[in-house]
>>> print(open('query-v1.cif').read())   # mmCIF, C-alpha atoms and all ligand atoms
data_my_file
loop_
_atom_site.label_atom_id
_atom_site.label_comp_id
_atom_site.auth_asym_id
_atom_site.auth_seq_id
_atom_site.Cartn_x
_atom_site.Cartn_y
_atom_site.Cartn_z
CA MET A 1 -69.34 6.33 2.77
CA PRO A 2 -68.42 9.54 4.64
CA ALA A 3 -65.96 11.95 3.05
CA ILE A 4 -62.37 11.60 4.19
CA SER A 5 -60.99 14.76 5.80
CA PHE A 6 -58.37 15.82 8.28
CA CYS A 7 -59.28 16.53 11.90
CA ALA A 8 -59.12 20.28 12.53
CA LEU A 9 -57.37 19.70 15.87
CA CYS A 10 -54.98 16.82 15.58
CA SER A 11 -54.59 16.45 11.79
CA VAL A 12 -55.40 12.74 11.96
CA VAL A 13 -57.34 11.56 8.94
CA SER A 14 -61.02 11.52 9.88
CA GLN A 15 -63.72 9.29 8.42
CA SER A 16 -66.38 11.61 9.80
CA ALA A 17 -66.86 15.01 8.23
CA GLU A 18 -69.03 16.17 11.14
CA LYS A 19 -67.48 19.34 12.59
CA ASP A 20 -64.22 18.30 10.93
CA LEU A 21 -63.10 16.42 14.03
CA CYS A 22 -61.83 12.86 14.23
CA VAL A 23 -63.48 10.36 16.57
CA THR A 24 -60.72 10.83 19.15
CA GLU A 25 -61.29 14.59 19.37
CA LYS A 26 -65.06 14.15 19.82
CA ASP A 27 -64.38 11.71 22.68
CA LEU A 28 -62.01 14.23 24.21
CA LEU A 29 -64.62 16.99 24.30
CA ASP A 30 -67.08 14.58 25.94
CA ARG A 31 -64.53 14.15 28.74
CA ILE A 32 -64.57 17.86 29.77
CA GLU A 33 -67.56 19.20 31.70
CA VAL A 34 -68.31 22.77 32.83
CA ILE A 35 -70.36 23.42 35.96
CA VAL A 36 -71.06 26.38 38.23
CA GLY A 37 -70.89 25.57 41.93
CA ASP A 38 -68.92 24.87 45.08
CA ILE A 39 -66.07 22.47 44.37
CA THR A 40 -66.15 21.09 47.93
CA ALA A 41 -69.57 19.53 47.26
CA LEU A 42 -68.42 17.41 44.30
CA SER A 43 -68.29 13.62 44.47
CA VAL A 44 -65.26 13.13 42.25
CA ASP A 45 -62.11 11.11 42.78
CA ALA A 46 -60.07 14.28 43.30
CA VAL A 47 -60.72 17.98 43.72
CA VAL A 48 -57.91 20.40 42.96
CA ASN A 49 -57.20 23.06 45.57
CA ALA A 50 -55.78 26.46 44.56
CA ALA A 51 -53.32 26.60 47.46
CA ASN A 52 -50.32 28.73 48.39
CA GLU A 53 -46.72 27.52 48.74
CA SER A 54 -47.11 26.78 52.47
CA LEU A 55 -50.00 24.32 51.86
CA LEU A 56 -51.26 25.37 55.29
CA GLY A 57 -54.55 26.90 54.20
CA GLY A 58 -55.82 30.34 53.27
CA GLY A 59 -58.93 32.03 51.84
CA GLY A 60 -60.99 31.36 48.71
CA VAL A 61 -61.13 27.73 47.51
CA ASP A 62 -58.31 26.82 49.87
CA GLY A 63 -60.30 28.01 52.91
CA ALA A 64 -63.43 26.23 51.69
CA VAL A 65 -61.55 22.95 51.06
CA HIS A 66 -59.92 22.96 54.51
CA ARG A 67 -63.17 23.88 56.26
CA ALA A 68 -65.08 21.10 54.52
CA ALA A 69 -62.33 18.45 54.84
CA GLY A 70 -61.68 19.09 58.54
CA LYS A 71 -58.50 19.43 60.59
CA ASP A 72 -57.02 16.08 59.54
CA LEU A 73 -56.35 17.59 56.11
CA LEU A 74 -54.24 20.34 57.66
CA ALA A 75 -52.38 17.70 59.70
CA GLU A 76 -51.46 15.80 56.51
CA CYS A 77 -50.52 19.04 54.73
CA ARG A 78 -48.10 19.88 57.55
CA THR A 79 -46.12 16.72 56.68
CA LEU A 80 -45.60 17.80 53.05
CA GLY A 81 -43.18 20.68 53.56
CA GLY A 82 -44.94 23.06 51.16
CA CYS A 83 -45.16 23.12 47.39
CA PRO A 84 -43.38 25.43 44.91
CA THR A 85 -45.48 27.45 42.46
CA GLY A 86 -46.45 25.36 39.42
CA GLU A 87 -46.11 22.03 41.24
CA ALA A 88 -48.76 19.85 42.93
CA ARG A 89 -49.12 17.49 45.92
CA ILE A 90 -51.82 14.93 46.73
CA THR A 91 -53.52 14.17 50.06
CA GLY A 92 -56.62 12.40 51.29
CA GLY A 93 -60.01 14.08 51.05
CA TYR A 94 -61.05 13.37 54.68
CA LYS A 95 -64.59 14.73 55.23
CA LEU A 96 -64.97 15.83 51.60
CA PRO A 97 -67.02 13.69 49.22
CA ALA A 98 -63.84 13.59 47.08
CA ARG A 99 -61.35 10.78 47.79
CA HIS A 100 -58.31 13.01 47.26
CA VAL A 101 -57.31 16.65 47.27
CA ILE A 102 -54.65 17.69 44.77
CA HIS A 103 -53.08 20.88 46.05
CA THR A 104 -51.47 23.05 43.44
CA VAL A 105 -50.02 26.54 43.57
CA GLY A 106 -50.82 28.87 40.70
CA PRO A 107 -48.80 32.01 39.99
CA VAL A 108 -49.57 35.46 41.33
CA TRP A 109 -50.32 37.71 38.34
CA HIS A 110 -47.70 40.47 38.01
CA GLY A 111 -48.62 41.66 34.52
CA GLY A 112 -47.62 38.63 32.48
CA ASP A 113 -43.84 38.96 32.19
CA ARG A 114 -42.88 36.75 35.14
CA ARG A 115 -43.56 33.36 33.54
CA GLU A 116 -47.15 33.44 34.81
CA GLU A 117 -48.56 31.54 31.83
CA ALA A 118 -45.89 28.82 31.96
CA LEU A 119 -46.41 28.42 35.71
CA LEU A 120 -50.20 28.21 35.37
CA ARG A 121 -49.84 25.60 32.60
CA SER A 122 -47.49 23.66 34.81
CA ALA A 123 -49.97 23.78 37.74
CA TYR A 124 -52.68 22.21 35.53
CA ARG A 125 -50.30 19.65 34.02
CA ASN A 126 -48.80 18.52 37.33
CA SER A 127 -52.27 18.23 38.90
CA LEU A 128 -53.47 16.07 36.00
CA ARG A 129 -50.34 13.93 36.21
CA LEU A 130 -50.96 13.25 39.91
CA ALA A 131 -54.62 12.44 39.18
CA SER A 132 -53.58 9.99 36.49
CA GLU A 133 -50.86 8.35 38.61
CA ASN A 134 -53.34 7.90 41.46
CA ALA A 135 -55.94 6.22 39.24
CA CYS A 136 -58.43 9.09 39.50
CA GLU A 137 -61.18 8.69 36.93
CA SER A 138 -62.73 12.07 37.69
CA VAL A 139 -61.07 15.31 38.77
CA ALA A 140 -62.49 18.79 39.32
CA PHE A 141 -60.57 22.06 38.93
CA PRO A 142 -61.38 25.52 40.29
CA ALA A 143 -60.22 28.50 38.21
CA ILE A 144 -56.67 28.44 39.63
CA SER A 145 -55.07 31.87 40.26
CA THR A 146 -58.12 33.88 39.17
CA GLY A 147 -59.14 35.01 42.69
CA VAL A 148 -56.65 36.45 45.19
CA TYR A 149 -53.79 35.82 42.71
CA ALA A 150 -55.52 38.08 40.12
CA TYR A 151 -54.70 36.17 36.90
CA PRO A 152 -57.03 37.57 34.18
CA LYS A 153 -59.98 35.20 33.84
CA PRO A 154 -60.13 34.94 30.01
CA ALA A 155 -56.42 34.13 29.74
CA ALA A 156 -56.66 31.64 32.61
CA ALA A 157 -59.61 29.90 30.93
CA ASN A 158 -57.55 29.51 27.75
CA VAL A 159 -54.71 27.94 29.69
CA ALA A 160 -57.05 25.59 31.58
CA VAL A 161 -58.84 24.29 28.48
CA SER A 162 -55.73 23.93 26.34
CA GLU A 163 -53.66 22.15 29.02
CA ILE A 164 -56.52 19.80 29.93
CA ALA A 165 -57.21 18.98 26.27
CA THR A 166 -53.53 18.29 25.58
CA PHE A 167 -53.26 16.03 28.62
CA LEU A 168 -56.44 14.07 27.87
CA ARG A 169 -55.31 13.47 24.28
CA ASN A 170 -52.31 11.61 25.66
CA HIS A 171 -53.74 9.86 28.74
CA LYS A 172 -56.63 7.52 29.46
CA LEU A 173 -56.94 8.87 33.02
CA PRO A 174 -58.59 10.97 34.24
CA LYS A 175 -61.59 9.91 32.18
CA THR A 176 -63.50 13.08 33.10
CA VAL A 177 -62.36 16.58 34.03
CA VAL A 178 -64.84 18.99 35.59
CA LEU A 179 -64.16 22.70 35.20
CA CYS A 180 -65.89 24.02 38.33
CA ALA A 181 -66.56 27.74 37.94
CA PHE A 182 -67.74 29.74 40.93
CA ASP A 183 -69.51 32.30 38.76
CA GLU A 184 -71.38 32.26 35.47
CA THR A 185 -68.83 34.60 33.78
CA THR A 186 -66.05 32.05 34.29
CA ALA A 187 -68.28 29.20 33.12
CA GLU A 188 -69.09 31.14 29.95
CA LEU A 189 -65.38 31.67 29.28
CA TYR A 190 -64.83 27.90 29.52
CA ARG A 191 -67.81 27.15 27.28
CA SER A 192 -66.71 29.58 24.59
CA ARG A 193 -63.13 28.31 24.68
CA LEU A 194 -64.42 24.72 24.38
CA ALA A 195 -66.74 25.75 21.54
CA GLU A 196 -63.72 27.02 19.62
CA VAL A 197 -62.30 23.52 19.58
CA GLN A 198 -65.64 21.96 18.56
N1 LIG B 201 -65.61 26.40 44.68
C1 LIG B 201 -65.20 26.69 43.42
N2 LIG B 201 -64.54 27.82 43.11
C2 LIG B 201 -64.31 28.71 44.11
C3 LIG B 201 -64.72 28.46 45.45
C4 LIG B 201 -65.39 27.25 45.71
N3 LIG B 201 -65.80 26.94 46.95
N4 LIG B 201 -64.32 29.54 46.20
C5 LIG B 201 -63.71 30.40 45.37
N5 LIG B 201 -63.71 29.91 44.09
P1 LIG B 201 -58.80 31.75 44.95
P2 LIG B 201 -56.10 31.86 43.76
C6 LIG B 201 -63.12 30.50 42.88
O1 LIG B 201 -58.63 33.14 45.48
O2 LIG B 201 -56.45 33.04 42.94
C7 LIG B 201 -55.91 31.41 48.95
O3 LIG B 201 -55.88 32.25 50.07
C8 LIG B 201 -62.87 31.99 42.88
O4 LIG B 201 -64.06 32.67 42.49
O5 LIG B 201 -59.39 30.73 45.85
O6 LIG B 201 -55.36 30.73 43.11
C9 LIG B 201 -54.71 30.47 48.87
O7 LIG B 201 -54.26 30.08 50.16
C10 LIG B 201 -61.77 32.13 41.85
O8 LIG B 201 -62.32 32.19 40.53
O9 LIG B 201 -57.37 31.14 44.45
C11 LIG B 201 -53.70 31.33 48.17
O10 LIG B 201 -53.01 32.19 49.06
C12 LIG B 201 -61.00 30.81 41.96
O11 LIG B 201 -61.82 29.95 42.74
C13 LIG B 201 -54.51 32.15 47.22
O12 LIG B 201 -55.83 32.23 47.77
C14 LIG B 201 -59.63 30.91 42.57
O13 LIG B 201 -59.65 31.88 43.61
C15 LIG B 201 -54.64 31.50 45.85
O14 LIG B 201 -55.27 32.39 44.98
#
>>> encode(input="query-v1.cif", output="structure tokens", more="lines below")
Ligand code: AR6
Amino acid sequence: MPAISFCALCSVVSQSAEKDLCVTEKDLLDRIEVIVGDITALSVDAVVNAANESLLGGGGVDGAVHRAAGKDLLAECRTLGGCPTGEARITGGYKLPARHVIHTVGPVWHGGDRREEALLRSAYRNSLRLASENACESVAFPAISTGVYAYPKPAAANVAVSEIATFLRNHKLPKTVVLCAFDETTAELYRSRLAEVQ
């Protein structure tokens, strides 16, 4: 008979003393995957695009997503009328292997006193909500705001992992979230943040 303890994350009584986590928290960590690569190559139900408020394309991930999806993506984006920072919109994936693109707009980093963290949290949360509402079982995120928008990578990794974990605790969908880093440094930040909750 295993010792009864409290889960270190959610405080639910756990029957398993292993790593002091309850069964639910172990399942949760199995649902988050870290990879290094190009998000446009992923066969997931939805890829998240780090867009700007116009939703009409740009550089970085946004440029790569539009190039790979083809001009029909831009045509659908034109019908959306933009997207405020912290919100998200969903479109088809067109020539991408992904069925959908979830376009979200992260904050530009101004030093941290212009609600940047709240806006980045909201970008992750609203993207996950759209994925869930559209029956997406798998969704992949780039490191939103950490390129042109200059959000510090360690702080952004904390926001990503904590918002995704909170959402998955309360929702069955998406079943899997892929954190798609473009560089090993970012992947290592995700892994160490995830290890803290293990
Ligand atoms: N796959 C995965 N990650 C990528 C890829 C890729 N193909 N390309 C870049 N990254 P950024 P932001 C990483 O600048 O900071 C655009 O012009 C990159 O290394 O794409 O949110 C939009 O139109 C970085 O870690 O997005 C906006 O104007 C991360 O993705 C603005 O940039 C995000 O970098 C948005 O800036």
>>> residues_around(input="query-v1.cif", residues="Ala156 of chain A", least_positions_apart="5", cutoff="8 Å", atoms="all atoms listed in the file", output="list in words")
Leu120, Ala143, Ile144, Ser145, Thr146 and Tyr151 of chain A
>>> closest_atom_pairs(input="query-v1.cif", of="chain A", to="ligand LIG 201 (chain B)", cutoff="9 Å", atoms="all atoms listed in the file", output="CSV")
residue,atom,partner,partner_atom,distance
A:Val36,CA,B:LIG201,C1,7.8
A:Gly37,CA,B:LIG201,C1,6.0
A:Asp38,CA,B:LIG201,N1,3.7
A:Ile39,CA,B:LIG201,N1,4.0
A:Thr40,CA,B:LIG201,N3,5.9
A:Ala41,CA,B:LIG201,N3,8.3
A:Asn49,CA,B:LIG201,O5,8.0
A:Ala50,CA,B:LIG201,O6,4.5
A:Ala51,CA,B:LIG201,C9,4.3
A:Asn52,CA,B:LIG201,C11,4.3
A:Glu53,CA,B:LIG201,O10,7.8
A:Ser54,CA,B:LIG201,O7,8.2
A:Leu55,CA,B:LIG201,O7,7.4
A:Leu56,CA,B:LIG201,O7,7.6
A:Gly57,CA,B:LIG201,O7,5.1
A:Gly58,CA,B:LIG201,O7,3.5
A:Gly59,CA,B:LIG201,O3,3.5
A:Gly60,CA,B:LIG201,O5,3.3
A:Val61,CA,B:LIG201,O5,3.8
A:Asp62,CA,B:LIG201,O7,5.2
A:Gly63,CA,B:LIG201,O3,6.8
A:Ala64,CA,B:LIG201,N3,5.3
A:Val65,CA,B:LIG201,N3,7.1
A:Thr104,CA,B:LIG201,O6,8.6
A:Val105,CA,B:LIG201,O6,6.8
A:Gly106,CA,B:LIG201,O6,5.5
A:Pro107,CA,B:LIG201,O6,7.4
A:Val108,CA,B:LIG201,O14,7.4
A:Trp109,CA,B:LIG201,O2,9.0
A:Phe141,CA,B:LIG201,C1,7.9
A:Pro142,CA,B:LIG201,N2,4.8
A:Ala143,CA,B:LIG201,C12,4.5
A:Ile144,CA,B:LIG201,O6,4.4
A:Ser145,CA,B:LIG201,O6,3.1
A:Thr146,CA,B:LIG201,O2,4.2
A:Gly147,CA,B:LIG201,O13,3.3
A:Val148,CA,B:LIG201,O1,3.9
A:Tyr149,CA,B:LIG201,O2,3.9
A:Ala150,CA,B:LIG201,O2,5.8
A:Tyr151,CA,B:LIG201,O2,7.0
A:Lys153,CA,B:LIG201,O8,7.7
A:Cys180,CA,B:LIG201,C1,5.8
A:Ala181,CA,B:LIG201,N2,5.6
A:Phe182,CA,B:LIG201,N2,4.3
A:Asp183,CA,B:LIG201,O4,6.6
A:Thr186,CA,B:LIG201,O8,7.3
>>> atom_distance(input="query-v1.cif", atom1="atom CA of Val48 of chain A", atom2="atom CA of Asp113 of chain A")
25.7 Å
>>> atom_distance(input="query-v1.cif", atom1="atom CA of Lys175 of chain A", atom2="atom CA of Glu137 of chain A")
4.9 Å
>>> closest_residue(input="query-v1.cif", among="A:Ala155, A:Ala69, A:Ile35, A:Ala98", to="Glu117 of chain A", atoms="only C-alpha atoms")
A:Ala155
>>> closest_residue(input="query-v1.cif", among="A:Thr85, A:Asn126, A:Thr176, A:Thr79", to="Val139 of chain A", atoms="all atoms listed in the file")
A:Thr176
>>> closest_residue(input="query-v1.cif", among="A:Ala88, A:Leu74, A:Leu28, A:Val34", to="Ser192 of chain A", atoms="only C-alpha atoms")
A:Val34
>>> closest_residue(input="query-v1.cif", among="A:Ser43, A:Ser132, A:Ser127, A:Thr166", to="Gly93 of chain A", atoms="all atoms listed in the file")
A:Ser43
>>> closest_residue(input="query-v1.cif", among="A:Lys95, A:His171, A:Lys26, A:Arg191", to="Arg129 of chain A", atoms="only C-alpha atoms")
A:His171
>>> closest_residue(input="query-v1.cif", among="A:Arg169, A:Ala46, A:Arg78, A:Ile32", to="Ala195 of chain A", atoms="only C-alpha atoms")
A:Ile32
>>> atom_distance(input="query-v1.cif", atom1="atom CA of Glu133 of chain A", atom2="atom CA of Leu173 of chain A")
8.3 Å
>>> build_atoms(input="query-v1.cif", residues="segment 53-64 of chain A", atoms="all heavy atoms", output="compact mmCIF listing (two decimals), in the coordinates of the input")
# COMPACT_ATOMS: atom_id res chain seq x y z
N GLU A 53 -47.92 28.37 48.62
CA GLU A 53 -46.72 27.52 48.74
C GLU A 53 -46.57 26.86 50.11
O GLU A 53 -45.89 25.85 50.24
CB GLU A 53 -45.46 28.32 48.39
CG GLU A 53 -45.38 28.63 46.90
CD GLU A 53 -44.03 29.21 46.48
OE1 GLU A 53 -43.30 29.73 47.36
OE2 GLU A 53 -43.72 29.12 45.27
N SER A 54 -47.23 27.40 51.14
CA SER A 54 -47.11 26.78 52.47
C SER A 54 -47.94 25.50 52.58
O SER A 54 -47.67 24.64 53.40
CB SER A 54 -47.56 27.77 53.56
OG SER A 54 -48.98 27.86 53.60
N LEU A 55 -48.99 25.41 51.78
CA LEU A 55 -50.00 24.32 51.86
C LEU A 55 -50.69 24.27 53.23
O LEU A 55 -51.24 23.24 53.60
CB LEU A 55 -49.39 22.94 51.55
CG LEU A 55 -48.84 22.69 50.15
CD1 LEU A 55 -48.47 21.21 49.99
CD2 LEU A 55 -49.84 23.08 49.07
N LEU A 56 -50.67 25.38 53.94
CA LEU A 56 -51.26 25.37 55.29
C LEU A 56 -52.58 26.11 55.35
O LEU A 56 -53.03 26.52 56.42
CB LEU A 56 -50.25 25.94 56.30
CG LEU A 56 -48.94 25.14 56.40
CD1 LEU A 56 -47.99 25.75 57.42
CD2 LEU A 56 -49.21 23.66 56.73
N GLY A 57 -53.22 26.29 54.22
CA GLY A 57 -54.55 26.90 54.20
C GLY A 57 -54.52 28.39 53.89
O GLY A 57 -53.46 29.01 53.85
N GLY A 58 -55.70 28.93 53.61
CA GLY A 58 -55.82 30.34 53.27
C GLY A 58 -57.28 30.68 53.04
O GLY A 58 -58.16 30.05 53.62
N GLY A 59 -57.55 31.63 52.14
CA GLY A 59 -58.93 32.03 51.84
C GLY A 59 -59.43 31.33 50.58
O GLY A 59 -58.86 30.32 50.16
N GLY A 60 -60.47 31.87 49.98
CA GLY A 60 -60.99 31.36 48.71
C GLY A 60 -61.26 29.86 48.71
O GLY A 60 -61.77 29.32 49.69
N VAL A 61 -60.92 29.18 47.61
CA VAL A 61 -61.13 27.73 47.51
C VAL A 61 -60.37 27.00 48.62
O VAL A 61 -60.89 26.04 49.21
CB VAL A 61 -60.58 27.15 46.17
CG1 VAL A 61 -60.92 25.69 46.03
CG2 VAL A 61 -61.12 27.90 45.00
N ASP A 62 -59.17 27.45 48.87
CA ASP A 62 -58.31 26.82 49.87
C ASP A 62 -59.01 26.80 51.24
O ASP A 62 -59.08 25.74 51.90
CB ASP A 62 -57.01 27.64 49.95
CG ASP A 62 -55.85 26.88 50.55
OD1 ASP A 62 -56.02 25.68 50.82
OD2 ASP A 62 -54.79 27.50 50.75
N GLY A 63 -59.57 27.93 51.64
CA GLY A 63 -60.30 28.01 52.91
C GLY A 63 -61.50 27.08 52.90
O GLY A 63 -61.74 26.35 53.87
N ALA A 64 -62.22 27.07 51.79
CA ALA A 64 -63.43 26.23 51.69
C ALA A 64 -63.06 24.75 51.76
O ALA A 64 -63.73 23.96 52.44
CB ALA A 64 -64.18 26.55 50.39
